[in-house]
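Engineer: My structure is in target_16.tsv, and what it holds is TSV, C-alpha atoms and all ligand atoms:
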chain	number	residue	atom	x	y	z
A	1	MET	CA	-19.26	17.99	-15.92
A	2	SER	CA	-19.32	18.61	-19.65
A	3	ALA	CA	-20.64	15.98	-22.04
A	4	THR	CA	-17.17	15.71	-23.56
A	5	THR	CA	-15.41	14.88	-20.32
A	6	PRO	CA	-13.40	11.71	-20.86
A	7	GLN	CA	-14.03	8.78	-18.57
A	8	THR	CA	-12.31	5.52	-19.33
A	9	ARG	CA	-12.74	3.63	-16.10
A	10	PRO	CA	-16.30	2.37	-15.78
A	11	ALA	CA	-18.03	3.58	-12.65
A	12	PRO	CA	-18.50	0.76	-10.12
A	13	PRO	CA	-21.85	-1.05	-10.51
A	14	GLY	CA	-24.73	0.95	-9.09
A	15	SER	CA	-22.63	4.07	-8.57
A	16	GLN	CA	-23.00	7.45	-10.22
A	17	LYS	CA	-20.29	9.01	-12.37
A	18	ARG	CA	-18.51	11.41	-10.04
A	19	PRO	CA	-16.79	14.72	-10.80
A	20	PHE	CA	-13.00	14.72	-10.92
A	21	LEU	CA	-10.82	15.94	-8.09
A	22	PHE	CA	-7.12	16.64	-8.63
A	23	SER	CA	-4.35	17.04	-6.10
A	24	GLY	CA	-0.57	17.25	-6.41
A	25	ILE	CA	1.86	15.50	-4.06
A	26	GLN	CA	5.46	16.64	-3.70
A	27	PRO	CA	7.93	13.78	-4.31
A	28	SER	CA	9.09	13.12	-0.77
A	29	GLY	CA	8.70	10.12	1.48
A	30	GLU	CA	9.21	12.33	4.52
A	31	ILE	CA	5.54	12.93	5.06
A	32	HIS	CA	4.74	14.19	8.53
A	33	ILE	CA	1.68	14.42	10.76
A	34	GLY	CA	1.17	18.04	9.64
A	35	ASN	CA	0.69	16.76	6.07
A	36	TYR	CA	-1.59	13.99	7.31
A	37	CYS	CA	-3.82	16.26	9.40
A	38	GLY	CA	-3.81	19.16	6.93
A	39	ALA	CA	-4.24	17.27	3.67
A	40	ILE	CA	-4.26	13.46	3.54
A	41	ARG	CA	-7.07	13.00	6.09
A	42	ASN	CA	-9.19	15.37	4.05
A	43	TRP	CA	-8.42	13.48	0.81
A	44	LEU	CA	-9.59	10.22	2.39
A	45	ARG	CA	-12.96	11.83	3.13
A	46	LEU	CA	-13.28	13.24	-0.39
A	47	MET	CA	-12.44	10.00	-2.21
A	48	ASP	CA	-16.03	8.69	-1.98
A	49	GLU	CA	-17.50	11.89	-3.34
A	50	TYR	CA	-15.07	12.51	-6.20
A	51	ASP	CA	-13.23	10.53	-8.83
A	52	SER	CA	-9.90	11.44	-7.25
A	53	ILE	CA	-6.62	11.80	-9.11
A	54	PHE	CA	-3.42	12.20	-7.09
A	55	CYS	CA	-0.32	13.21	-8.99
A	56	ILE	CA	3.27	13.01	-7.76
A	57	VAL	CA	4.55	16.26	-9.21
A	58	ASP	CA	8.12	15.55	-10.26
A	59	TYR	CA	8.10	18.29	-12.94
A	60	HIS	CA	7.25	20.82	-10.23
A	61	ALA	CA	10.05	19.46	-8.04
A	62	MET	CA	12.56	20.40	-10.74
A	63	THR	CA	11.98	24.13	-10.26
A	64	VAL	CA	14.33	24.12	-7.27
A	65	GLU	CA	17.79	22.58	-7.15
A	66	TYR	CA	17.66	18.84	-6.54
A	67	ASP	CA	19.82	15.74	-6.49
A	68	VAL	CA	19.21	13.77	-9.70
A	69	ALA	CA	20.37	10.50	-8.12
A	70	THR	CA	17.74	10.61	-5.38
A	71	MET	CA	14.74	11.68	-7.47
A	72	PRO	CA	13.52	8.15	-8.42
A	73	ALA	CA	13.57	7.08	-4.75
A	74	ARG	CA	11.79	10.27	-3.69
A	75	VAL	CA	9.00	9.60	-6.19
A	76	PHE	CA	8.69	5.96	-5.13
A	77	ASP	CA	8.65	6.83	-1.42
A	78	ALA	CA	5.98	9.48	-1.93
A	79	ALA	CA	3.79	6.86	-3.59
A	80	LEU	CA	4.51	4.27	-0.91
A	81	VAL	CA	3.85	6.53	2.08
A	82	ASN	CA	0.68	8.00	0.58
A	83	MET	CA	-0.62	4.52	-0.24
A	84	ALA	CA	0.17	3.44	3.32
A	85	ALA	CA	-1.67	6.50	4.62
A	86	GLY	CA	-4.82	5.51	2.76
A	87	LEU	CA	-4.58	6.40	-0.94
A	88	ASP	CA	-5.84	2.98	-1.96
A	89	PRO	CA	-5.38	2.52	-5.73
A	90	GLU	CA	-8.73	0.69	-5.79
A	91	ARG	CA	-10.43	3.90	-4.68
A	92	CYS	CA	-8.37	6.58	-6.42
A	93	THR	CA	-5.84	7.11	-9.20
A	94	LEU	CA	-2.20	7.70	-8.26
A	95	PHE	CA	0.42	8.47	-10.91
A	96	VAL	CA	3.65	10.34	-11.63
A	97	GLN	CA	3.32	13.62	-13.55
A	98	SER	CA	6.21	13.06	-15.99
A	99	GLN	CA	4.61	9.79	-17.11
A	100	VAL	CA	1.92	11.85	-18.87
A	101	PRO	CA	3.68	14.26	-21.27
A	102	GLU	CA	0.41	16.07	-22.08
A	103	HIS	CA	0.97	18.07	-18.86
A	104	THR	CA	3.75	20.02	-20.54
A	105	GLU	CA	1.91	20.30	-23.86
A	106	LEU	CA	-1.11	21.92	-22.22
A	107	THR	CA	1.22	24.14	-20.19
A	108	TRP	CA	2.58	25.63	-23.40
A	109	ILE	CA	-0.88	26.40	-24.74
A	110	LEU	CA	-1.96	27.95	-21.43
A	111	ASN	CA	1.30	29.95	-21.38
A	112	THR	CA	0.00	31.85	-24.40
A	113	LEU	CA	-2.97	33.01	-22.29
A	114	ALA	CA	-1.16	33.67	-19.02
A	115	PRO	CA	-0.36	37.31	-18.12
A	116	MET	CA	3.28	37.71	-17.03
A	117	GLY	CA	2.40	40.51	-14.61
A	118	LEU	CA	0.03	38.25	-12.70
A	119	LEU	CA	2.59	35.42	-12.51
A	120	GLY	CA	5.18	37.82	-11.15
A	121	ARG	CA	2.80	38.81	-8.34
A	122	MET	CA	2.17	35.24	-7.11
A	123	THR	CA	3.07	35.07	-3.43
A	124	GLN	CA	4.86	31.72	-3.68
A	125	PHE	CA	6.93	32.89	-6.62
A	126	LYS	CA	7.96	36.03	-4.77
A	127	GLU	CA	8.96	34.01	-1.69
A	128	LYS	CA	10.81	31.29	-3.57
A	129	SER	CA	12.55	33.67	-5.95
A	130	ARG	CA	13.73	35.76	-3.00
A	131	ARG	CA	15.37	32.61	-1.62
A	132	GLN	CA	16.95	31.71	-4.99
A	133	GLU	CA	17.98	35.34	-5.67
A	134	LEU	CA	20.15	35.25	-8.80
A	135	ASN	CA	19.17	31.78	-9.98
A	136	VAL	CA	15.46	32.28	-10.52
A	137	ASN	CA	14.48	29.97	-13.36
A	138	VAL	CA	11.60	30.29	-15.79
A	139	GLY	CA	10.12	27.05	-14.43
A	140	LEU	CA	9.68	28.64	-11.02
A	141	PHE	CA	7.97	31.63	-12.64
A	142	ASP	CA	5.76	29.35	-14.74
A	143	TYR	CA	4.90	26.96	-11.90
A	144	PRO	CA	1.25	28.13	-11.59
A	145	VAL	CA	0.68	27.55	-15.32
A	146	LEU	CA	1.92	23.96	-15.04
A	147	GLN	CA	-0.32	23.59	-12.00
A	148	ALA	CA	-3.28	24.91	-14.02
A	149	ALA	CA	-2.48	22.42	-16.79
A	150	ASP	CA	-2.34	19.58	-14.24
A	151	ILE	CA	-5.85	20.39	-13.11
A	152	LEU	CA	-7.47	21.32	-16.42
A	153	LEU	CA	-6.06	18.31	-18.27
A	154	TYR	CA	-8.48	16.16	-16.25
A	155	ARG	CA	-11.19	18.83	-16.27
A	156	ALA	CA	-11.17	18.52	-12.51
A	157	GLU	CA	-13.89	20.39	-10.68
A	158	ALA	CA	-12.37	20.27	-7.21
A	159	VAL	CA	-8.85	20.85	-5.90
A	160	PRO	CA	-8.19	20.34	-2.19
A	161	VAL	CA	-5.57	22.88	-1.10
A	162	GLY	CA	-4.25	24.80	1.88
A	163	ASP	CA	-4.75	28.56	2.23
A	164	ASP	CA	-1.37	29.21	0.60
A	165	GLN	CA	-2.51	27.62	-2.68
A	166	VAL	CA	-5.85	29.38	-3.10
A	167	GLN	CA	-4.22	32.10	-5.23
A	168	HIS	CA	-2.98	29.46	-7.69
A	169	ILE	CA	-6.46	27.93	-8.01
A	170	GLU	CA	-7.93	31.38	-8.69
A	171	PHE	CA	-5.30	31.73	-11.40
A	172	THR	CA	-6.33	28.33	-12.83
A	173	ARG	CA	-9.98	29.47	-12.91
A	174	ASP	CA	-8.84	32.61	-14.74
A	175	LEU	CA	-6.98	30.57	-17.36
A	176	ALA	CA	-9.95	28.20	-17.81
A	177	ARG	CA	-12.23	31.21	-18.36
A	178	LYS	CA	-9.78	32.78	-20.82
A	179	PHE	CA	-9.47	29.56	-22.82
A	180	ASN	CA	-13.25	29.07	-22.90
A	181	LEU	CA	-13.78	32.66	-24.11
A	182	ARG	CA	-10.95	32.69	-26.61
A	183	PHE	CA	-11.57	29.26	-28.19
A	184	ALA	CA	-14.68	27.40	-26.98
A	185	GLU	CA	-16.24	26.13	-23.79
A	186	LEU	CA	-14.12	23.20	-22.65
A	187	PHE	CA	-12.84	23.55	-19.12
A	188	PRO	CA	-14.88	23.71	-15.92
A	189	GLU	CA	-13.66	26.31	-13.42
A	190	PRO	CA	-12.29	24.23	-10.54
A	191	ARG	CA	-13.15	25.06	-6.94
A	192	ALA	CA	-10.53	25.21	-4.21
A	193	LEU	CA	-11.56	22.96	-1.32
A	194	VAL	CA	-9.95	24.46	1.78
A	195	PRO	CA	-10.47	22.43	4.98
A	196	LYS	CA	-12.64	24.48	7.33
A	197	SER	CA	-11.93	22.88	10.67
A	198	GLY	CA	-8.81	22.65	12.76
A	199	ALA	CA	-5.96	25.05	13.40
A	200	ARG	CA	-2.73	24.41	11.54
A	201	ILE	CA	-0.31	22.11	13.36
A	202	LEU	CA	2.98	23.81	14.13
A	203	GLY	CA	6.35	22.14	14.47
A	204	LEU	CA	7.32	20.57	17.79
A	205	ASP	CA	9.20	23.80	18.59
A	206	GLY	CA	5.76	25.48	18.69
A	207	GLU	CA	7.02	28.29	16.46
A	208	ALA	CA	7.29	27.51	12.76
A	209	LYS	CA	5.19	25.38	10.46
A	210	MET	CA	5.97	21.66	10.84
A	211	SER	CA	8.53	20.83	8.17
A	212	LYS	CA	11.19	18.31	7.33
A	213	SER	CA	13.80	20.98	6.64
A	214	LEU	CA	13.35	22.56	10.09
A	215	GLY	CA	13.63	19.15	11.79
A	216	ASN	CA	10.59	19.91	13.98
A	217	TYR	CA	8.33	17.16	12.66
A	218	ILE	CA	6.95	13.71	13.42
A	219	GLY	CA	7.15	11.49	10.33
A	220	LEU	CA	4.20	9.26	9.46
A	221	MET	CA	6.42	6.18	9.30
A	222	GLU	CA	8.55	6.82	12.38
A	223	SER	CA	8.88	4.16	15.09
A	224	ARG	CA	6.85	4.40	18.32
A	225	GLU	CA	10.04	5.03	20.29
A	226	GLY	CA	11.25	7.70	17.88
A	227	ILE	CA	7.92	9.51	18.08
A	228	TRP	CA	7.82	9.50	21.88
A	229	GLN	CA	11.39	10.83	22.04
A	230	LYS	CA	10.25	13.79	19.92
A	231	LEU	CA	6.88	14.32	21.57
A	232	ARG	CA	8.10	14.25	25.17
A	233	PRO	CA	10.12	17.51	25.01
A	234	ALA	CA	7.76	19.28	22.56
A	235	VAL	CA	6.83	22.87	23.41
A	236	THR	CA	3.54	23.45	25.29
A	237	ASP	CA	1.81	26.50	26.79
A	238	PRO	CA	4.80	28.47	28.18
A	239	ALA	CA	2.65	29.72	31.09
A	240	ARG	CA	2.66	26.20	32.58
A	241	VAL	CA	5.99	26.44	34.32
A	242	ARG	CA	5.05	24.18	37.25
A	243	ARG	CA	2.77	21.14	37.21
A	244	SER	CA	0.33	23.08	39.43
A	245	ASP	CA	0.03	26.04	36.99
A	246	PRO	CA	-3.22	26.01	34.99
A	247	GLY	CA	-2.71	26.17	31.22
A	248	ASN	CA	-4.52	27.32	28.11
A	249	PRO	CA	-4.96	24.42	25.67
A	250	PHE	CA	-6.20	26.76	22.94
A	251	ILE	CA	-2.75	28.27	22.50
A	252	CYS	CA	-0.94	24.93	22.87
A	253	ASN	CA	0.26	23.01	19.81
A	254	ILE	CA	-0.13	19.69	21.66
A	255	TYR	CA	-3.86	20.34	21.96
A	256	THR	CA	-3.99	21.24	18.25
A	257	ILE	CA	-2.49	17.81	17.50
A	258	HIS	CA	-5.04	16.20	19.87
A	259	GLN	CA	-7.76	17.78	17.70
A	260	CYS	CA	-6.53	15.77	14.74
A	261	PHE	CA	-5.98	12.41	16.43
A	262	SER	CA	-7.98	12.19	19.66
A	263	SER	CA	-11.60	11.30	20.31
A	264	PRO	CA	-13.95	14.12	21.45
A	265	GLU	CA	-13.96	12.59	24.96
A	266	ILE	CA	-10.17	12.75	25.24
A	267	GLN	CA	-10.17	16.30	23.88
A	268	GLU	CA	-12.68	17.32	26.58
A	269	GLN	CA	-10.54	15.70	29.27
A	270	VAL	CA	-7.49	17.59	28.00
A	271	VAL	CA	-9.26	20.97	28.03
A	272	ALA	CA	-10.65	20.46	31.53
A	273	GLY	CA	-7.47	18.90	32.91
A	274	CYS	CA	-5.22	21.56	31.44
A	275	GLN	CA	-7.31	24.52	32.59
A	276	SER	CA	-7.61	23.14	36.14
A	277	ALA	CA	-4.02	21.80	36.30
A	278	GLY	CA	-5.65	18.40	36.91
A	279	ILE	CA	-3.25	16.85	34.40
A	280	GLY	CA	0.37	17.67	33.66
A	281	CYS	CA	1.83	18.18	30.20
A	282	ILE	CA	3.50	14.76	30.25
A	283	ASP	CA	0.13	13.12	31.08
A	284	CYS	CA	-1.38	15.06	28.20
A	285	LYS	CA	1.36	13.95	25.81
A	286	LYS	CA	0.97	10.32	26.89
A	287	MET	CA	-2.75	10.53	26.08
A	288	LEU	CA	-1.92	12.05	22.71
A	289	PHE	CA	0.69	9.39	22.02
A	290	GLU	CA	-1.82	6.57	22.63
A	291	GLU	CA	-4.43	8.19	20.38
A	292	MET	CA	-1.88	8.94	17.65
A	293	MET	CA	-0.64	5.38	17.64
A	294	GLN	CA	-4.13	4.13	16.83
A	295	VAL	CA	-3.80	5.98	13.52
A	296	LEU	CA	-0.06	5.68	12.91
A	297	ASP	CA	0.48	2.00	13.85
A	298	PRO	CA	-1.67	0.73	10.91
A	299	ILE	CA	-0.05	3.26	8.54
A	300	ARG	CA	3.43	2.07	9.53
A	301	ALA	CA	2.38	-1.57	9.17
A	302	ARG	CA	0.96	-0.96	5.67
A	303	GLY	CA	4.13	0.93	4.77
A	304	GLU	CA	6.30	-1.99	5.85
A	305	GLU	CA	4.15	-4.40	3.82
A	306	LEU	CA	4.55	-2.20	0.73
A	307	ARG	CA	8.29	-1.86	1.33
A	308	ALA	CA	8.47	-5.68	1.26
A	309	ALA	CA	6.40	-5.85	-1.95
A	310	PRO	CA	7.51	-2.81	-4.01
A	311	GLU	CA	5.92	-4.22	-7.17
A	312	ARG	CA	2.52	-3.28	-5.68
A	313	VAL	CA	3.54	0.37	-5.64
A	314	ARG	CA	4.97	0.17	-9.17
A	315	GLN	CA	1.85	-1.56	-10.47
A	316	ALA	CA	-0.39	1.08	-8.91
A	317	LEU	CA	1.68	3.86	-10.52
A	318	ALA	CA	1.68	2.10	-13.91
A	319	ALA	CA	-2.10	1.59	-13.86
A	320	GLY	CA	-2.59	5.21	-12.74
A	321	ALA	CA	-0.38	6.54	-15.54
A	322	GLU	CA	-2.21	4.45	-18.13
A	323	ARG	CA	-5.58	5.78	-17.05
A	324	CYS	CA	-4.32	9.37	-16.90
A	325	ARG	CA	-2.73	9.12	-20.35
A	326	ASP	CA	-6.13	8.10	-21.76
A	327	LEU	CA	-7.88	10.98	-20.01
A	328	ALA	CA	-5.18	13.47	-20.99
A	329	ARG	CA	-5.10	12.32	-24.61
A	330	ALA	CA	-8.84	12.86	-24.94
A	331	THR	CA	-8.58	16.39	-23.51
A	332	MET	CA	-5.63	17.29	-25.74
A	333	GLU	CA	-7.45	16.09	-28.85
A	334	GLU	CA	-10.21	18.58	-28.00
A	335	VAL	CA	-7.68	21.30	-27.20
A	336	ARG	CA	-5.83	20.81	-30.49
A	337	ARG	CA	-9.05	20.84	-32.46
A	338	LEU	CA	-10.38	23.97	-30.73
A	339	THR	CA	-7.11	25.89	-31.04
A	340	GLY	CA	-6.66	25.08	-34.72
A	341	LEU	CA	-3.60	22.94	-34.19
A	342	ARG	CA	-4.99	20.30	-36.49
A	343	GLU	CA	-7.59	20.10	-39.24
A	344	THR	CA	-11.14	19.88	-37.95
B	401	LIG	S1	-1.76	20.06	29.45
B	401	LIG	FE1	-1.70	19.57	27.26
B	401	LIG	S2	-2.81	21.23	26.34
B	401	LIG	FE2	-2.27	21.91	28.38
B	401	LIG	S3	-0.36	23.05	28.12
B	401	LIG	FE3	0.14	20.92	28.67
B	401	LIG	S4	0.43	19.90	26.74
B	401	LIG	FE4	-0.67	21.78	26.32
Would you encode the structure as structure tokens?
Structural biologist:
Amino acid sequence: MSATTPQTRPAPPGSQKRPFLFSGIQPSGEIHIGNYCGAIRNWLRLMDEYDSIFCIVDYHAMTVEYDVATMPARVFDAALVNMAAGLDPERCTLFVQSQVPEHTELTWILNTLAPMGLLGRMTQFKEKSRRQELNVNVGLFDYPVLQAADILLYRAEAVPVGDDQVQHIEFTRDLARKFNLRFAELFPEPRALVPKSGARILGLDGEAKMSKSLGNYIGLMESREGIWQKLRPAVTDPARVRRSDPGNPFICNIYTIHQCFSSPEIQEQVVAGCQSAGIGCIDCKKMLFEEMMQVLDPIRARGEELRAAPERVRQALAAGAERCRDLARATMEEVRRLTGLRET
């Protein structure tokens, strides 16, 4: 970390100053077990190693059509569910992007360094713009530059992402390098932290990625009964037509979910029982349900507590925004000085 890196919150007594980690959270309270296993669980592990900043990215959410009336609730619910899932404001910083206007200021400056050709070739842009067809907005095109500004504003050194975001982090590294060469050394080049273990959890239909829009998900805050109703008919290895047919757990999405929630002993029992037809798929799902509930029951309970005391969520977001404004202001003072936007 550079000597000029801002740090306003004193490190806890006896602890070392840690590098910054930045991650964006889409404003949605409909967070599902795919999000938990693919991202949140990883964040919880990284929080001790890094000074972690989690940002609810409402500016990013504006690049697709949205309902203005529901946006405040979406932002609040995203904060609530992520806090319930373990983003403890005592251990990390959680804030809302639009509460720190420096994000858009730095975006403009980075825009002047960003090649249009490269932005046009971004996989996510191509996919999303194909869906929007005639209504492709500049914000959608510029999304990776805003994302780069989000990260560089805090001079973050680590960004936990899925495979589909690695291209955007490479782009951020490119912009950091360009700025440092053009003006002066200021930004570290952030690393993408891609979780190594675990296959990606599919939706309960066993086909597409788990997602709210496809309706094939299990929400983190769903009731026990609601979860069992969804899990019971979920797709398994299609070769197991009869209870006596042996199966292959390594192609079964239920086993992939076991790998996130179940103990190694249970996972071993599932592999052996499935391959020998010693257990049926319903037995296997019951085992998964019990293991999942050990993780999801406390999350749901914390969520209900926060729902009953919403001021705790608002206070966490206010404190997070205050800290981030201090950090962002310090970075932007350096940026303005180095780019000649004010007298030195
Ligand atoms: S026993 Fe479990 S792992 Fe095997 S096919 Fe059935 S649900 Fe999948």
Engineer: So that I can see what lies close to A:Arg232, please list as number ranges by chain the residues with an atom at most 9 Å from it, counting all atoms listed in the file and leaving out residues fewer than 2 positions away in the same chain.
Structural biologist: A: 227-230, 234-235, 281-282, 285-286
Engineer: For A:Asp51, work out the shell of residues within 9 Å, counting all atoms listed in the file and skipping chain neighbours fewer than 4 positions away, then give it as a list in words.
Structural biologist: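 After dropping sequence-adjacent residues, the list is Lys17, Arg18, Pro19, Phe20, Leu21, Phe22, Leu46, Met47, Arg91, Cys92 and Thr93 of chain A.
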Engineer: How big is the axis-aligned box, and where does its centre sit, when it encloses all atoms of stretch 40-51 of chain A listed in the file and has 4 Å added on every side, reported in Å to one decimal as lines of an AutoDock Vina configuration file?
Structural biologist:
center_x = -10.9
center_y = 12.0
center_z = -1.4
size_x = 21.2
size_y = 14.7
size_z = 22.9
Engineer: Give me, as a ChimeraX atom specification, the set of residues whose atoms come within 10 Å of any atom of ligand LIG 401 (chain B), counting all atoms listed in the file.
Structural biologist: /A:231-232,234-241,243,245-258,267,269-288
Engineer: Pick out the residues sitting within 12 Å of A:Glu311, and hand them over as a ChimeraX atom specification; count all atoms listed in the file, and ignore anything fewer than 6 positions along from it in its own chain.
Structural biologist: /A:76,79-80,305,317-319
Engineer: How close does stretch 149-222 of chain A get to stretch 57-75 of chain A? List, as JSON lines, each residue of stretch 149-222 of chain A within 12 Å, its nearest atom pair and the distance in Å to one decimal, counting all atoms listed in the file.
Structural biologist:
{"residue": "A:Ala149", "atom": "CA", "partner": "A:His60", "partner_atom": "CA", "distance": 11.8}
{"residue": "A:Asp150", "atom": "CA", "partner": "A:Val57", "partner_atom": "CA", "distance": 9.2}
{"residue": "A:Ile151", "atom": "CA", "partner": "A:Val57", "partner_atom": "CA", "distance": 11.9}
Engineer: Quick one: distance from atom CA of A:Glu304 to atom CA of A:Leu94 in Å, one decimal?
Structural biologist: 19.1 Å
Engineer: Tell me which protein, DNA and RNA residues are within 6 Å of A:Gln97, counting all atoms listed in the file, leaving out same-chain ones fewer than 2 positions away, and put them as a ChimeraX atom specification.
Structural biologist: /A:55-57,99-100
Engineer: Working from the structure I just supplied, which lacks atoms in stretch 330-344 of chain A, can you model N, CA and C atoms there and output them as a PDB file, keeping the file's coordinate frame?
Structural biologist:
ATOM      1  N   ALA A 330      -7.509  12.427 -24.493  1.00  0.00           N
ATOM      2  CA  ALA A 330      -8.840  12.860 -24.940  1.00  0.00           C
ATOM      3  C   ALA A 330      -8.983  14.380 -24.797  1.00  0.00           C
ATOM      4  N   THR A 331      -8.505  14.933 -23.692  1.00  0.00           N
ATOM      5  CA  THR A 331      -8.580  16.390 -23.510  1.00  0.00           C
ATOM      6  C   THR A 331      -7.732  17.103 -24.558  1.00  0.00           C
ATOM      7  N   MET A 332      -6.522  16.600 -24.801  1.00  0.00           N
ATOM      8  CA  MET A 332      -5.630  17.290 -25.740  1.00  0.00           C
ATOM      9  C   MET A 332      -6.137  17.205 -27.173  1.00  0.00           C
ATOM     10  N   GLU A 333      -6.854  16.142 -27.508  1.00  0.00           N
ATOM     11  CA  GLU A 333      -7.450  16.090 -28.850  1.00  0.00           C
ATOM     12  C   GLU A 333      -8.446  17.230 -29.023  1.00  0.00           C
ATOM     13  N   GLU A 334      -9.245  17.462 -27.976  1.00  0.00           N
ATOM     14  CA  GLU A 334     -10.210  18.580 -28.000  1.00  0.00           C
ATOM     15  C   GLU A 334      -9.468  19.910 -28.070  1.00  0.00           C
ATOM     16  N   VAL A 335      -8.422  20.037 -27.247  1.00  0.00           N
ATOM     17  CA  VAL A 335      -7.680  21.300 -27.200  1.00  0.00           C
ATOM     18  C   VAL A 335      -7.062  21.597 -28.572  1.00  0.00           C
ATOM     19  N   ARG A 336      -6.460  20.585 -29.178  1.00  0.00           N
ATOM     20  CA  ARG A 336      -5.830  20.810 -30.490  1.00  0.00           C
ATOM     21  C   ARG A 336      -6.860  21.185 -31.529  1.00  0.00           C
ATOM     22  N   ARG A 337      -7.999  20.529 -31.476  1.00  0.00           N
ATOM     23  CA  ARG A 337      -9.050  20.840 -32.460  1.00  0.00           C
ATOM     24  C   ARG A 337      -9.550  22.281 -32.255  1.00  0.00           C
ATOM     25  N   LEU A 338      -9.801  22.650 -30.999  1.00  0.00           N
ATOM     26  CA  LEU A 338     -10.380  23.970 -30.730  1.00  0.00           C
ATOM     27  C   LEU A 338      -9.386  25.109 -30.981  1.00  0.00           C
ATOM     28  N   THR A 339      -8.107  24.830 -30.855  1.00  0.00           N
ATOM     29  CA  THR A 339      -7.110  25.890 -31.040  1.00  0.00           C
ATOM     30  C   THR A 339      -6.562  25.934 -32.466  1.00  0.00           C
ATOM     31  N   GLY A 340      -7.089  25.072 -33.325  1.00  0.00           N
ATOM     32  CA  GLY A 340      -6.660  25.080 -34.720  1.00  0.00           C
ATOM     33  C   GLY A 340      -5.317  24.433 -34.946  1.00  0.00           C
ATOM     34  N   LEU A 341      -4.906  23.590 -34.032  1.00  0.00           N
ATOM     35  CA  LEU A 341      -3.600  22.940 -34.190  1.00  0.00           C
ATOM     36  C   LEU A 341      -3.685  21.674 -35.037  1.00  0.00           C
ATOM     37  N   ARG A 342      -4.868  21.377 -35.490  1.00  0.00           N
ATOM     38  CA  ARG A 342      -4.990  20.300 -36.490  1.00  0.00           C
ATOM     39  C   ARG A 342      -6.280  20.544 -37.246  1.00  0.00           C
ATOM     40  N   GLU A 343      -6.398  19.906 -38.411  1.00  0.00           N
ATOM     41  CA  GLU A 343      -7.590  20.100 -39.240  1.00  0.00           C
ATOM     42  C   GLU A 343      -8.814  19.586 -38.502  1.00  0.00           C
ATOM     43  N   THR A 344      -9.917  20.333 -38.616  1.00  0.00           N
ATOM     44  CA  THR A 344     -11.140  19.880 -37.950  1.00  0.00           C
ATOM     45  C   THR A 344     -11.930  18.973 -38.888  1.00  0.00           C
TER      46      THR A 344
END
